[in-house]
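Below you'll find the structure, written out as structure tokens, and then a few comments.
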Amino acid sequence: PTTTAEVSAIMKYCHARNLAVVPQGGLTGLVGGSVPVFDEVIVSLSSMNKVIKVDPVAGVVVCEAGCVLQKLCDVLSDEGMTMPYDLGARGSCQVGGNVSTNAGGVRFLRYGSLHGSVLGIEAVLADGTVVDSLSTLRKDNTGYDVKQLFIGSEGTLGIITSVAISTPPTPEAITVCFVGCRTFADVLKTFSAAKHSLGEILSACEFFDSDSMMLLERNLGLSNPLGTSYPFYVLVETSGSDASHDEEKMTKFVEAGGSFENGILTSDPSKVQSVWELRENITVALMRDGAQHKFDIS
């Protein structure tokens, strides 16, 4: 389908004939919700990929469910805004699927879940009824908050066709530090210290283990920026509006140390990207060794 009306027509047809339906987006999810199990009708939202409206004053974007996250980020970047979430699969995942699965991503620490960022939703129910709750108001106290039911529903209540999302300003400065820890207890201490020391500018805190680093080096040819192997690694990112202020706080955090033995600090965009490539390519590195079982812990 290319329009909500076409999605509605498809659902009415299938409902009248008792045909099962499986909605699909970018097929990047790990929980199997988009995988047909028998003879379902597959409804792909890929052709519904228009950016309907960008409001830089209110900080809101309205788009169709088939919009690829990277495309939306590029459009918003031109307007000085960014998405409140980010995923390693940004080049192929779609916004409708992100909302349907309540995707978290690496900016969760800063902006919270999509339950707080999504302002409105348009969806089609199983019988073809169109639910128009596509509000762009940040504060809306009228009636039931219907959109919340669809966030994380994975297509069980209906097919999301359009979404309105609150979009924060693009950070003027991004700084990343990458450190090595000897124990998982040290990882937790590093996280606590980052929250305490970096406060409002802390935007991400991710960790992975030595096995992941080994696979990144062996299977993808990536290098360990610390030059020394550690049982655990922690990536901490800050984003804000004042580069000197942010770097000063990050420098104090790194110099305080205590829970980690070695680390690097950078605000150079290319080096920031290279550090994030380690975190985002772990799945690719794992796949080079064969079949795998996925899990997601929240």
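All residue names refer to the structure tokens as shown: chains lettered A, B, ... in order, residues numbered from 1 in each chain, ligands numbered from 1 in order.
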So that each row is one residue of stretch 168-217 of chain A with an atom at most 9 Å from stretch 83-90 of chain A, can you give its shortest atom pair and the distance in Å to one decimal, using only C-alpha atoms, rows by chain and rising number, as JSON lines?
{"residue": "A:Pro168", "atom": "CA", "partner": "A:Pro84", "partner_atom": "CA", "distance": 6.5}
{"residue": "A:Pro169", "atom": "CA", "partner": "A:Met83", "partner_atom": "CA", "distance": 8.7}
{"residue": "A:Thr170", "atom": "CA", "partner": "A:Met83", "partner_atom": "CA", "distance": 8.6}
May I have the selected residues written with N, CA, C and O atoms, as a PDB file, in the first residue's frame?
ATOM      1  N   PRO A 168      14.149  16.841  19.401  1.00  0.00           N
ATOM      2  CA  PRO A 168      15.000  17.808  20.098  1.00  0.00           C
ATOM      3  C   PRO A 168      15.980  18.486  19.141  1.00  0.00           C
ATOM      4  O   PRO A 168      16.224  17.982  18.038  1.00  0.00           O
ATOM      5  N   PRO A 169      16.550  19.615  19.538  1.00  0.00           N
ATOM      6  CA  PRO A 169      17.556  20.290  18.709  1.00  0.00           C
ATOM      7  C   PRO A 169      18.807  19.423  18.545  1.00  0.00           C
ATOM      8  O   PRO A 169      19.151  18.647  19.449  1.00  0.00           O
ATOM      9  N   THR A 170      19.481  19.554  17.420  1.00  0.00           N
ATOM     10  CA  THR A 170      20.737  18.836  17.205  1.00  0.00           C
ATOM     11  C   THR A 170      21.802  19.368  18.161  1.00  0.00           C
ATOM     12  O   THR A 170      22.006  20.582  18.247  1.00  0.00           O
TER      13      THR A 170
END
Residues of stretch 4-208 of chain A in helix (DSSP H, G or I), written as number ranges by chain: A: 4-16, 69-77, 95-100, 108-111, 114-117, 147-150, 184-201
Contacts of stretch 267-272 of chain A at 7 Å (only C-alpha atoms; same-chain gap of 3+ positions) as a PyMOL selection string: chain A and resi 174-176+275-276
Given only C-alpha atoms as the counted atoms, nearest of A:Leu220, A:Leu19, A:Ile201, A:Met213 to A:Met250: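 For A:Met250, the nearest of the given residues is A:Ile201.
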Which of stretch 133-260 of chain A DSSP labels strand (DSSP E or B), written as a ChimeraX atom specification: /A:133,159-166,169,173-181,202-209,232-240
Residue contacts of stretch 258-265 of chain A (8 Å, only C-alpha atoms) excluding same-chain residues fewer than 2 positions away, as a ChimeraX atom specification: /A:175-182,186-187,189-190,225-226,251,254,256,267
Take the residues just selected and output them with C-alpha atoms as a PDB file, in the first residue's frame.
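Final output, saved to result_29.pdb:
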ATOM      1  CA  THR A 175      32.163  14.095  23.177  1.00  0.00           C
ATOM      2  CA  VAL A 176      32.897  10.412  23.682  1.00  0.00           C
ATOM      3  CA  CYS A 177      35.103   8.545  26.114  1.00  0.00           C
ATOM      4  CA  PHE A 178      35.909   4.844  25.862  1.00  0.00           C
ATOM      5  CA  VAL A 179      37.312   3.056  28.906  1.00  0.00           C
ATOM      6  CA  GLY A 180      38.358  -0.430  30.006  1.00  0.00           C
ATOM      7  CA  CYS A 181      37.089  -2.092  33.198  1.00  0.00           C
ATOM      8  CA  ARG A 182      38.363  -5.164  35.037  1.00  0.00           C
ATOM      9  CA  ASP A 186      33.506  -1.544  37.860  1.00  0.00           C
ATOM     10  CA  VAL A 187      31.164  -1.132  34.866  1.00  0.00           C
ATOM     11  CA  LYS A 189      30.535   2.114  39.187  1.00  0.00           C
ATOM     12  CA  THR A 190      31.520   3.830  35.931  1.00  0.00           C
ATOM     13  CA  PRO A 225      41.327   2.038  20.576  1.00  0.00           C
ATOM     14  CA  LEU A 226      42.820   1.303  24.012  1.00  0.00           C
ATOM     15  CA  THR A 251      37.743  15.505  31.264  1.00  0.00           C
ATOM     16  CA  VAL A 254      37.933  10.661  33.031  1.00  0.00           C
ATOM     17  CA  ALA A 256      38.698  11.061  38.407  1.00  0.00           C
ATOM     18  CA  SER A 267      35.272  15.159  20.336  1.00  0.00           C
TER      19      SER A 267
END
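For A:Leu45, the residues within 9 Å (counting only C-alpha atoms, excluding itself and residues fewer than 5 positions away along the chain) are Pro1, Thr2, Val7, Pro23, Gln24, Gly25, Gly26, Glu64, Ala65, Gly66, Cys67, Gln94, Gly96 and Thr161 of chain A.
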Just-selected residues, C-alpha atoms written as a PDB file, in the first residue's frame:
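Below you can see again.pdb, which holds the result:
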ATOM      1  CA  PRO A   1       0.000   0.000   0.000  1.00  0.00           C
ATOM      2  CA  THR A   2       0.995   3.632  -0.547  1.00  0.00           C
ATOM      3  CA  VAL A   7      -4.143  -0.182   4.076  1.00  0.00           C
ATOM      4  CA  PRO A  23       2.623  -6.114   8.993  1.00  0.00           C
ATOM      5  CA  GLN A  24       6.266  -5.612   8.041  1.00  0.00           C
ATOM      6  CA  GLY A  25       8.652  -2.651   8.143  1.00  0.00           C
ATOM      7  CA  GLY A  26      12.420  -2.729   7.672  1.00  0.00           C
ATOM      8  CA  GLU A  64       4.483   7.909   7.328  1.00  0.00           C
ATOM      9  CA  ALA A  65       5.303   4.596   8.964  1.00  0.00           C
ATOM     10  CA  GLY A  66       7.589   3.408   6.149  1.00  0.00           C
ATOM     11  CA  CYS A  67      10.097   6.244   6.576  1.00  0.00           C
ATOM     12  CA  GLN A  94      11.420   2.084   9.654  1.00  0.00           C
ATOM     13  CA  GLY A  96       6.448   2.555  12.137  1.00  0.00           C
ATOM     14  CA  THR A 161       0.454   4.215   9.212  1.00  0.00           C
TER      15      THR A 161
END
Nearest-residue call for A:Val118, choices A:Ile165, A:Asp74, A:Gly97, A:Gly91, using only C-alpha atoms: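 Answer, going by the shortest atom-to-atom distance: A:Ile165.
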All residues 12 Å or closer to A:Lys139, only C-alpha atoms, same chain fewer than 2 positions away omitted, as a count of residues only: 13
Counting only C-alpha atoms, give me one row per residue of stretch 155-260 of chain A with an atom at most 10 Å from an atom of stretch 279-289 of chain A, showing the shortest contact pair and its distance in Å to one decimal, sorted by chain then residue number, as JSON lines.
{"residue": "A:Glu206", "atom": "CA", "partner": "A:Arg279", "partner_atom": "CA", "distance": 7.8}
{"residue": "A:Phe207", "atom": "CA", "partner": "A:Arg279", "partner_atom": "CA", "distance": 8.1}
{"residue": "A:Phe208", "atom": "CA", "partner": "A:Arg279", "partner_atom": "CA", "distance": 7.6}
{"residue": "A:Asp211", "atom": "CA", "partner": "A:Leu286", "partner_atom": "CA", "distance": 9.8}
{"residue": "A:Ser212", "atom": "CA", "partner": "A:Ile282", "partner_atom": "CA", "distance": 6.2}
{"residue": "A:Met213", "atom": "CA", "partner": "A:Ile282", "partner_atom": "CA", "distance": 8.0}
{"residue": "A:Met214", "atom": "CA", "partner": "A:Ala285", "partner_atom": "CA", "distance": 9.3}
{"residue": "A:Leu215", "atom": "CA", "partner": "A:Ala285", "partner_atom": "CA", "distance": 5.7}
{"residue": "A:Leu216", "atom": "CA", "partner": "A:Ala285", "partner_atom": "CA", "distance": 5.5}
{"residue": "A:Glu217", "atom": "CA", "partner": "A:Ala285", "partner_atom": "CA", "distance": 8.7}
{"residue": "A:Arg218", "atom": "CA", "partner": "A:Ala285", "partner_atom": "CA", "distance": 8.4}
{"residue": "A:Asn219", "atom": "CA", "partner": "A:Ala285", "partner_atom": "CA", "distance": 5.7}
{"residue": "A:Leu220", "atom": "CA", "partner": "A:Ala285", "partner_atom": "CA", "distance": 6.2}
{"residue": "A:Gly221", "atom": "CA", "partner": "A:Ala285", "partner_atom": "CA", "distance": 9.6}
{"residue": "A:Leu222", "atom": "CA", "partner": "A:Asn281", "partner_atom": "CA", "distance": 9.5}
{"residue": "A:Tyr233", "atom": "CA", "partner": "A:Arg279", "partner_atom": "CA", "distance": 9.9}
{"residue": "A:Val234", "atom": "CA", "partner": "A:Arg279", "partner_atom": "CA", "distance": 9.7}
{"residue": "A:Leu235", "atom": "CA", "partner": "A:Arg279", "partner_atom": "CA", "distance": 8.3}
